[in-house]
file my_file36.txt (compact mmCIF, C-alpha atoms)
# COMPACT_ATOMS: atom_id res chain seq x y z
CA MET R 891 0.00 0.00 0.00
CA SER R 892 1.07 3.62 -0.49
CA ASP R 893 2.34 5.71 2.42
CA GLU R 894 0.03 8.36 3.87
CA LEU R 895 0.47 11.74 2.20
CA THR R 896 0.35 14.87 4.32
CA ILE R 897 -0.13 18.45 3.21
CA ALA R 898 3.37 19.23 4.51
CA LYS R 899 4.89 16.67 2.13
CA LEU R 900 2.74 17.86 -0.78
CA PHE R 901 3.84 21.44 -0.13
CA GLY R 902 7.48 20.39 0.13
CA ASP R 903 7.32 18.46 -3.14
CA LEU R 904 5.40 21.04 -5.18
CA SER R 905 6.04 24.46 -3.67
CA ASP R 906 8.81 25.40 -6.09
CA THR R 907 7.13 23.95 -9.17
CA LEU R 908 3.74 25.51 -8.47
CA GLY R 909 4.87 28.76 -6.84
CA MET R 910 3.23 27.95 -3.52
CA VAL R 911 3.31 30.15 -0.40
CA TRP R 912 1.87 29.04 2.94
CA ILE R 913 -0.55 31.75 4.11
CA ALA R 914 -2.19 30.37 7.28
CA GLY R 915 -3.06 27.18 9.18
CA ARG R 916 0.44 25.75 9.57
CA SER R 917 -0.74 23.78 12.60
CA GLY R 918 -2.64 21.55 10.16
CA ARG R 919 0.43 20.59 8.12
CA ALA R 920 0.04 16.94 9.23
CA ARG R 921 -3.44 16.66 7.72
CA GLN R 922 -3.69 13.69 5.38
CA VAL R 923 -4.66 14.30 1.77
CA ARG R 924 -6.57 11.05 1.76
CA GLY R 925 -9.25 11.31 4.44
CA ALA R 926 -8.63 9.54 7.74
CA THR R 927 -12.33 9.07 8.57
CA PRO R 928 -15.05 7.18 6.65
CA ALA R 929 -16.77 10.45 5.75
CA THR R 930 -13.63 12.14 4.40
CA GLU R 931 -12.40 9.00 2.61
CA LYS R 932 -15.33 9.37 0.19
CA GLN R 933 -14.40 12.93 -0.79
CA SER R 934 -12.81 13.77 -4.13
CA LEU R 935 -9.13 14.54 -3.76
CA VAL R 936 -8.98 17.89 -5.54
CA GLY R 937 -11.38 20.25 -7.28
CA ALA R 938 -12.92 23.70 -7.41
CA LEU R 939 -14.58 25.07 -4.28
CA ASN R 940 -17.55 22.86 -3.39
CA CYS R 941 -19.24 23.19 -0.02
CA ILE R 942 -21.91 20.55 -0.69
CA HIS R 943 -19.68 17.70 -1.81
CA GLY R 944 -16.38 18.97 -0.47
CA ASN R 945 -13.03 18.09 -2.00
CA ARG R 946 -10.06 17.15 0.16
CA ILE R 947 -8.14 19.99 -1.49
CA GLN R 948 -10.43 22.90 -2.27
CA LEU R 949 -9.24 25.22 -5.04
CA ILE R 950 -10.36 28.84 -5.12
CA SER R 951 -9.77 30.65 -8.42
CA ASP R 952 -11.00 34.07 -9.48
CA THR R 953 -14.38 32.50 -10.39
CA GLU R 954 -14.93 31.17 -6.87
CA GLN R 955 -13.56 34.33 -5.27
CA ASN R 956 -15.90 36.51 -7.31
CA TYR R 957 -18.79 34.28 -6.26
CA LEU R 958 -17.86 34.62 -2.58
CA ASN R 959 -17.55 38.39 -2.93
CA SER R 960 -21.01 38.60 -4.46
CA LEU R 961 -22.66 37.04 -1.39
CA SER R 962 -24.28 39.01 1.39
CA GLU R 963 -22.38 39.16 4.66
CA SER R 964 -24.52 36.48 6.31
CA SER R 965 -24.39 34.16 3.28
CA TYR R 966 -20.66 34.68 3.02
CA ARG R 967 -20.11 33.75 6.66
CA GLU R 968 -22.42 30.73 6.33
CA THR R 969 -20.54 29.54 3.25
CA LEU R 970 -17.18 29.81 4.99
CA ASP R 971 -18.52 27.97 8.06
CA THR R 972 -19.75 25.14 5.82
CA LEU R 973 -16.40 25.07 4.02
CA PHE R 974 -14.37 24.65 7.22
CA LYS R 975 -16.83 22.24 8.85
CA GLY R 976 -16.06 19.89 5.95
CA GLU R 977 -12.49 19.68 7.34
CA PRO R 978 -10.67 19.93 3.99
CA ALA R 979 -7.04 18.82 3.95
CA ALA R 980 -6.12 22.21 2.50
CA ILE R 981 -7.47 25.25 0.67
CA ILE R 982 -5.36 26.54 -2.21
CA ILE R 983 -5.85 29.99 -3.73
CA THR R 984 -4.87 29.98 -7.42
CA ASP R 985 -3.79 32.66 -9.91
CA ASP R 986 -1.73 34.52 -7.26
CA LEU R 987 -4.93 35.94 -5.76
CA THR R 988 -4.94 37.50 -2.31
CA PRO R 989 -7.23 35.62 0.10
CA ALA R 990 -9.74 37.60 2.14
CA ARG R 991 -8.82 38.40 5.72
CA SER R 992 -11.80 36.43 7.06
CA LEU R 993 -10.62 33.35 5.12
CA ARG R 994 -7.13 33.66 6.60
CA GLU R 995 -8.49 34.10 10.13
CA LEU R 996 -10.76 31.04 9.90
CA ALA R 997 -7.96 28.93 8.41
CA GLU R 998 -5.65 29.91 11.27
CA ALA R 999 -8.34 29.32 13.91
CA THR R 1000 -9.27 25.86 12.59
CA GLY R 1001 -5.73 24.76 11.69
CA THR R 1002 -6.71 24.38 8.04
CA PRO R 1003 -3.73 24.82 5.68
CA LEU R 1004 -4.32 27.87 3.45
CA ILE R 1005 -1.87 28.05 0.57
CA LYS R 1006 -1.51 30.49 -2.31
CA SER R 1007 -0.21 29.48 -5.75
CA SER R 1008 0.93 31.74 -8.56
CA ILE R 1009 -0.26 29.13 -11.12
CA GLU R 1010 -3.56 29.48 -12.97
CA TYR R 1011 -6.39 27.16 -11.94
CA LYS R 1012 -6.38 24.71 -14.89
CA ARG R 1013 -2.63 24.18 -14.82
CA LEU R 1014 -2.60 23.82 -11.05
CA PHE R 1015 -5.47 21.33 -11.13
CA THR R 1016 -3.67 19.19 -13.75
CA HIS R 1017 -0.42 19.21 -11.78
CA LEU R 1018 -2.15 18.23 -8.56
CA GLN R 1019 -4.12 15.42 -10.21
CA TYR R 1020 -0.95 13.96 -11.74
CA TYR R 1021 0.97 14.24 -8.47
CA LEU R 1022 -1.78 12.69 -6.35
CA THR R 1023 -2.31 9.82 -8.80
CA HIS R 1024 1.32 8.77 -8.39
CA ALA R 1025 1.78 9.69 -4.73
CA LEU R 1026 -1.31 7.78 -3.56
CA ALA R 1027 -1.08 4.83 -5.95
CA GLU R 1028 -1.12 1.33 -4.46
CA ARG R 1029 2.46 0.04 -4.29
CA GLU R 1030 4.31 -3.25 -4.10
CA THR R 1031 8.01 -4.12 -3.95
CA ILE R 1032 9.02 -7.25 -5.90
CA HIS R 1033 12.40 -8.95 -5.75
CA GLY R 1034 14.06 -8.91 -9.16
CA VAL R 1035 15.73 -6.64 -11.70
CA PHE R 1036 13.55 -4.20 -13.63
CA MET R 1037 14.87 -3.10 -17.03
CA GLU R 1038 13.94 -1.45 -20.27
CA VAL R 1039 14.62 -3.98 -23.03
CA LEU R 1040 13.94 -2.87 -26.60
CA GLY R 1041 11.75 -0.08 -25.23
CA MET R 1042 9.62 -2.43 -23.08
CA GLY R 1043 9.51 -2.61 -19.28
CA VAL R 1044 10.68 -6.11 -18.33
CA LEU R 1045 10.98 -7.58 -14.83
CA LEU R 1046 13.56 -10.35 -14.45
CA THR R 1047 12.66 -12.66 -11.57
CA GLY R 1048 13.88 -15.97 -10.25
CA SER R 1049 15.40 -17.62 -7.22
CA PRO R 1050 18.45 -16.03 -5.53
CA SER R 1051 21.81 -16.77 -7.21
CA ILE R 1052 20.18 -17.77 -10.49
CA GLY R 1053 22.06 -14.97 -12.29
CA LYS R 1054 19.60 -12.08 -12.63
CA SER R 1055 22.18 -9.37 -11.96
CA GLU R 1056 24.76 -10.94 -14.29
CA LEU R 1057 22.08 -11.14 -16.98
CA ALA R 1058 21.11 -7.50 -16.35
CA LEU R 1059 24.77 -6.48 -16.70
CA GLU R 1060 25.03 -8.26 -20.05
CA LEU R 1061 21.82 -6.63 -21.25
CA ILE R 1062 23.14 -3.20 -20.21
CA ALA R 1063 26.35 -3.90 -22.15
CA ARG R 1064 24.13 -4.69 -25.16
CA GLY R 1065 22.50 -1.24 -24.98
CA HIS R 1066 19.46 -1.83 -22.76
CA ARG R 1067 18.71 0.23 -19.64
CA LEU R 1068 18.49 -0.43 -15.91
CA VAL R 1069 15.53 0.85 -13.91
CA ALA R 1070 16.01 -0.91 -10.57
CA ASP R 1071 18.00 -3.78 -9.10
CA ASP R 1072 16.93 -6.06 -6.25
CA ALA R 1073 13.81 -4.20 -5.03
CA PRO R 1074 11.95 -2.34 -7.79
CA LEU R 1075 8.90 -0.47 -6.54
CA PHE R 1076 5.70 -0.87 -8.57
CA SER R 1077 2.64 1.40 -8.45
CA ARG R 1078 -0.72 0.96 -10.16
CA ILE R 1079 -1.30 4.44 -11.56
CA ALA R 1080 -4.19 3.58 -13.91
CA PRO R 1081 -6.64 0.69 -14.41
CA ASP R 1082 -4.33 -0.95 -16.96
CA ILE R 1083 -0.91 0.48 -16.03
CA VAL R 1084 1.63 -0.65 -13.44
CA SER R 1085 4.61 1.69 -13.26
CA GLY R 1086 8.01 0.64 -11.91
CA THR R 1087 10.65 2.85 -10.31
CA CYS R 1088 13.75 2.46 -8.16
CA PRO R 1089 13.94 3.32 -4.45
CA PRO R 1090 16.25 6.37 -4.06
CA LEU R 1091 18.82 4.42 -2.02
CA LEU R 1092 19.34 1.86 -4.82
CA HIS R 1093 19.14 4.23 -7.77
CA GLU R 1094 21.85 3.59 -10.42
CA PHE R 1095 23.38 0.68 -8.49
CA LEU R 1096 23.61 -3.00 -9.52
CA GLU R 1097 25.02 -5.74 -7.30
CA VAL R 1098 26.95 -8.49 -9.09
CA ARG R 1099 28.44 -11.34 -7.08
CA GLY R 1100 32.20 -11.23 -7.22
CA LEU R 1101 32.25 -7.60 -8.38
CA GLY R 1102 30.22 -6.05 -5.59
CA ILE R 1103 28.17 -2.87 -6.03
CA LEU R 1104 28.49 -1.22 -9.44
CA ASN R 1105 27.42 2.31 -10.37
CA ILE R 1106 25.88 1.72 -13.79
CA ARG R 1107 25.60 5.42 -14.64
CA ALA R 1108 29.28 6.02 -13.86
CA MET R 1109 30.35 2.96 -15.87
CA PHE R 1110 28.04 3.12 -18.90
CA GLY R 1111 26.75 6.70 -18.94
CA ASP R 1112 23.38 8.39 -18.48
CA SER R 1113 21.80 6.43 -21.33
CA ALA R 1114 22.14 3.19 -19.34
CA ILE R 1115 19.68 4.38 -16.68
CA LYS R 1116 15.91 4.74 -16.95
CA GLN R 1117 13.99 6.56 -14.20
CA MET R 1118 10.61 4.92 -14.70
CA LYS R 1119 8.96 2.38 -17.00
CA TYR R 1120 5.58 0.70 -17.34
CA LEU R 1121 5.71 -3.02 -16.52
CA ARG R 1122 4.67 -4.97 -19.63
CA LEU R 1123 6.38 -8.37 -19.29
CA ILE R 1124 7.77 -10.62 -16.55
CA ILE R 1125 10.50 -13.13 -17.36
CA GLN R 1126 10.89 -15.91 -14.81
CA LEU R 1127 14.31 -17.58 -14.83
CA GLU R 1128 14.25 -21.16 -13.56
CA ASN R 1129 16.55 -24.15 -13.17
CA LEU R 1130 14.36 -26.97 -14.48
CA GLU R 1131 14.85 -30.72 -14.24
CA ASN R 1132 14.63 -32.85 -17.38
CA ASP R 1133 11.07 -33.99 -16.65
CA GLU R 1134 10.01 -30.34 -16.14
CA LEU R 1135 11.65 -29.36 -19.42
CA GLN R 1136 9.76 -32.09 -21.21
CA ARG R 1137 6.44 -30.69 -20.00
CA ILE R 1138 7.02 -27.30 -21.67
CA ASP R 1139 4.97 -26.93 -24.85
CA ARG R 1140 7.50 -26.93 -27.68
CA LEU R 1141 5.22 -24.97 -29.98
CA SER R 1142 3.99 -22.16 -27.73
CA GLY R 1143 6.62 -22.19 -24.97
CA SER R 1144 5.86 -21.44 -21.32
CA HIS R 1145 3.49 -18.48 -21.21
CA SER R 1146 1.38 -17.51 -18.21
CA SER R 1147 0.55 -14.38 -16.21
CA ARG R 1148 1.22 -12.99 -12.76
CA ASN R 1149 -1.04 -10.77 -10.72
CA ILE R 1150 0.68 -7.51 -9.78
CA LEU R 1151 -1.47 -5.05 -7.82
CA GLY R 1152 -4.62 -6.62 -9.25
CA LEU R 1153 -3.47 -6.47 -12.87
CA GLU R 1154 -2.53 -9.60 -14.83
CA ILE R 1155 0.96 -9.14 -16.33
CA PRO R 1156 2.14 -11.60 -19.05
CA GLN R 1157 4.94 -13.89 -17.88
CA VAL R 1158 7.39 -16.08 -19.80
CA THR R 1159 9.41 -18.81 -18.10
CA ILE R 1160 12.91 -19.33 -19.51
CA PRO R 1161 14.94 -22.38 -18.40
CA VAL R 1162 18.48 -21.54 -17.29
CA ALA R 1163 21.22 -24.01 -18.22
CA PRO R 1164 24.96 -23.91 -19.00
CA GLY R 1165 25.66 -22.84 -22.57
CA ARG R 1166 22.37 -21.02 -23.12
CA ASN R 1167 22.68 -17.37 -24.19
CA ILE R 1168 20.03 -15.98 -21.87
CA ALA R 1169 20.50 -12.36 -22.97
CA ILE R 1170 19.57 -13.24 -26.56
CA LEU R 1171 16.63 -15.30 -25.28
CA ILE R 1172 15.41 -12.31 -23.28
CA GLU R 1173 15.59 -10.03 -26.32
CA THR R 1174 13.79 -12.65 -28.41
CA ALA R 1175 11.09 -13.07 -25.75
CA VAL R 1176 10.50 -9.31 -25.79
CA ARG R 1177 10.30 -9.21 -29.61
CA ASN R 1178 7.92 -12.18 -29.59
CA HIS R 1179 5.74 -10.53 -26.95
CA ALA R 1180 5.60 -7.36 -29.06
CA LEU R 1181 4.36 -9.46 -31.99
CA ARG R 1182 1.73 -11.09 -29.78
CA LEU R 1183 0.48 -7.65 -28.74
CA LYS R 1184 0.01 -6.90 -32.44
CA GLY R 1185 -2.05 -10.08 -32.85
CA TYR R 1186 0.59 -12.35 -34.41
CA SER R 1187 1.32 -15.78 -32.93
CA ALA R 1188 4.11 -17.86 -34.49
CA ASP R 1189 2.74 -21.17 -33.13
CA ALA R 1190 -0.73 -20.45 -34.54
CA ASP R 1191 0.87 -19.51 -37.87
CA PHE R 1192 2.87 -22.76 -37.89
CA ILE R 1193 -0.19 -24.87 -37.05
CA GLU R 1194 -2.15 -23.19 -39.84
CA ARG R 1195 0.64 -23.97 -42.32
CA GLN R 1196 0.60 -27.61 -41.23
CA ARG R 1197 -3.16 -27.80 -41.66
CA THR R 1198 -2.97 -26.24 -45.12
CA GLU R 1199 -0.23 -28.68 -46.18
CA ILE R 1200 -2.18 -31.68 -44.87
CA GLU R 1201 -5.27 -30.57 -46.78
CA ARG R 1202 -3.20 -30.06 -49.92
CA ARG R 1203 -1.79 -33.61 -49.75
CA SER R 1204 -5.11 -35.23 -48.87
CA PRO R 1205 -6.96 -36.99 -51.78
call {"tool": "encode", "arguments": {"input": "my_file36.txt", "output": "structure tokens"}}
result
Amino acid sequence: MSDELTIAKLFGDLSDTLGMVWIAGRSGRARQVRGATPATEKQSLVGALNCIHGNRIQLISDTEQNYLNSLSESSYRETLDTLFKGEPAAIIITDDLTPARSLRELAEATGTPLIKSSIEYKRLFTHLQYYLTHALAERETIHGVFMEVLGMGVLLTGSPSIGKSELALELIARGHRLVADDAPLFSRIAPDIVSGTCPPLLHEFLEVRGLGILNIRAMFGDSAIKQMKYLRLIIQLENLENDELQRIDRLSGSHSSRNILGLEIPQVTIPVAPGRNIAILIETAVRNHALRLKGYSADADFIERQRTEIERRSP
């Protein structure tokens, strides 16, 4: 699961990018963006000022400010009371507008973070949506090496000491890119997308037995490192006994899927044995998967050719 996100962290991550200034309510900096109570958990994360169905982050642009200014004094006070009773995680004033004194006083009194941004409403809304989608995405750490191979996000998995890091090093030497070694972090950022990144502590490093920790960027250059990639294929490396090898379908190979964060990711099992060029097999598996995504299946093509030939030879 994702870590809880506070307004203090959001402000720290985005203040420079979005020109944010903290106006009032600093005592509420530990408020969680995702609601901590059943009532607030149902609220939308971010949106324009809405006192009926409140957002966790309420945005006030010139449109909302003009509306508030048009209200009578009693209606204005009632609207603000309703706004703060909804316990929003934060209120952000857009377009570098100056918040009213009454808004600042209520924010300070209730410990509600009041922040001003120099960014226009639409741009700010887009930035916040993108940030929250990634920051609050469900996460899972999986043991393996995550790489970009031929432009596709590929996770190499298998038992310890099977040679994943050595294989990753050979793939890097062949021009492919490292995303994360040992503990790639995956997040489901959309219904059909799982994104993989590297924990900051492990970024750029690859451990190879006998060589120790290697800095891939320092050895191979910036082009050998990829910050993030969508997970499209899992390759499981296995030491198989002869009877297990015999059970693999010789036409279609060993294809299956693995559930990652609720999404089924295609998986190919590749037997590891002395003399096999696993790097070439990985590249070939990726090319074959790309063809499958386009609707082409070599085994189905071969079976169709056989059928056509049998029909041709039949009386």
call {"tool": "residues_around", "arguments": {"input": "my_file36.txt", "residues": "stretch 1105-1111 of chain R", "least_positions_apart": "4", "cutoff": "7 Å", "atoms": "only C-alpha atoms", "output": "list in words"}}
result
Glu1094, Phe1095, Leu1096 and Ile1115 of chain R
call {"tool": "atom_distance", "arguments": {"input": "my_file36.txt", "atom1": "atom CA of R:Ser1142", "atom2": "atom CA of R:Phe1192"}}
result
10.2 Å
call {"tool": "residues_around", "arguments": {"input": "my_file36.txt", "residues": "R:Ile1125", "least_positions_apart": "5", "cutoff": "9 Å", "atoms": "only C-alpha atoms", "output": "MDAnalysis selection string"}}
result
chainID R and resid 1044:1048 1156:1160 1172 1175
call {"tool": "atom_distance", "arguments": {"input": "my_file36.txt", "atom1": "atom CA of R:Leu973", "atom2": "atom CA of R:Arg916"}}
result
17.7 Å
call {"tool": "residues_around", "arguments": {"input": "my_file36.txt", "residues": "R:Ala990", "least_positions_apart": "5", "cutoff": "12 Å", "atoms": "all atoms listed in the file", "output": "ChimeraX atom specification"}}
result
/R:913-914,950,955-956,958-959,966-967,970,983,995-997,1004,1006
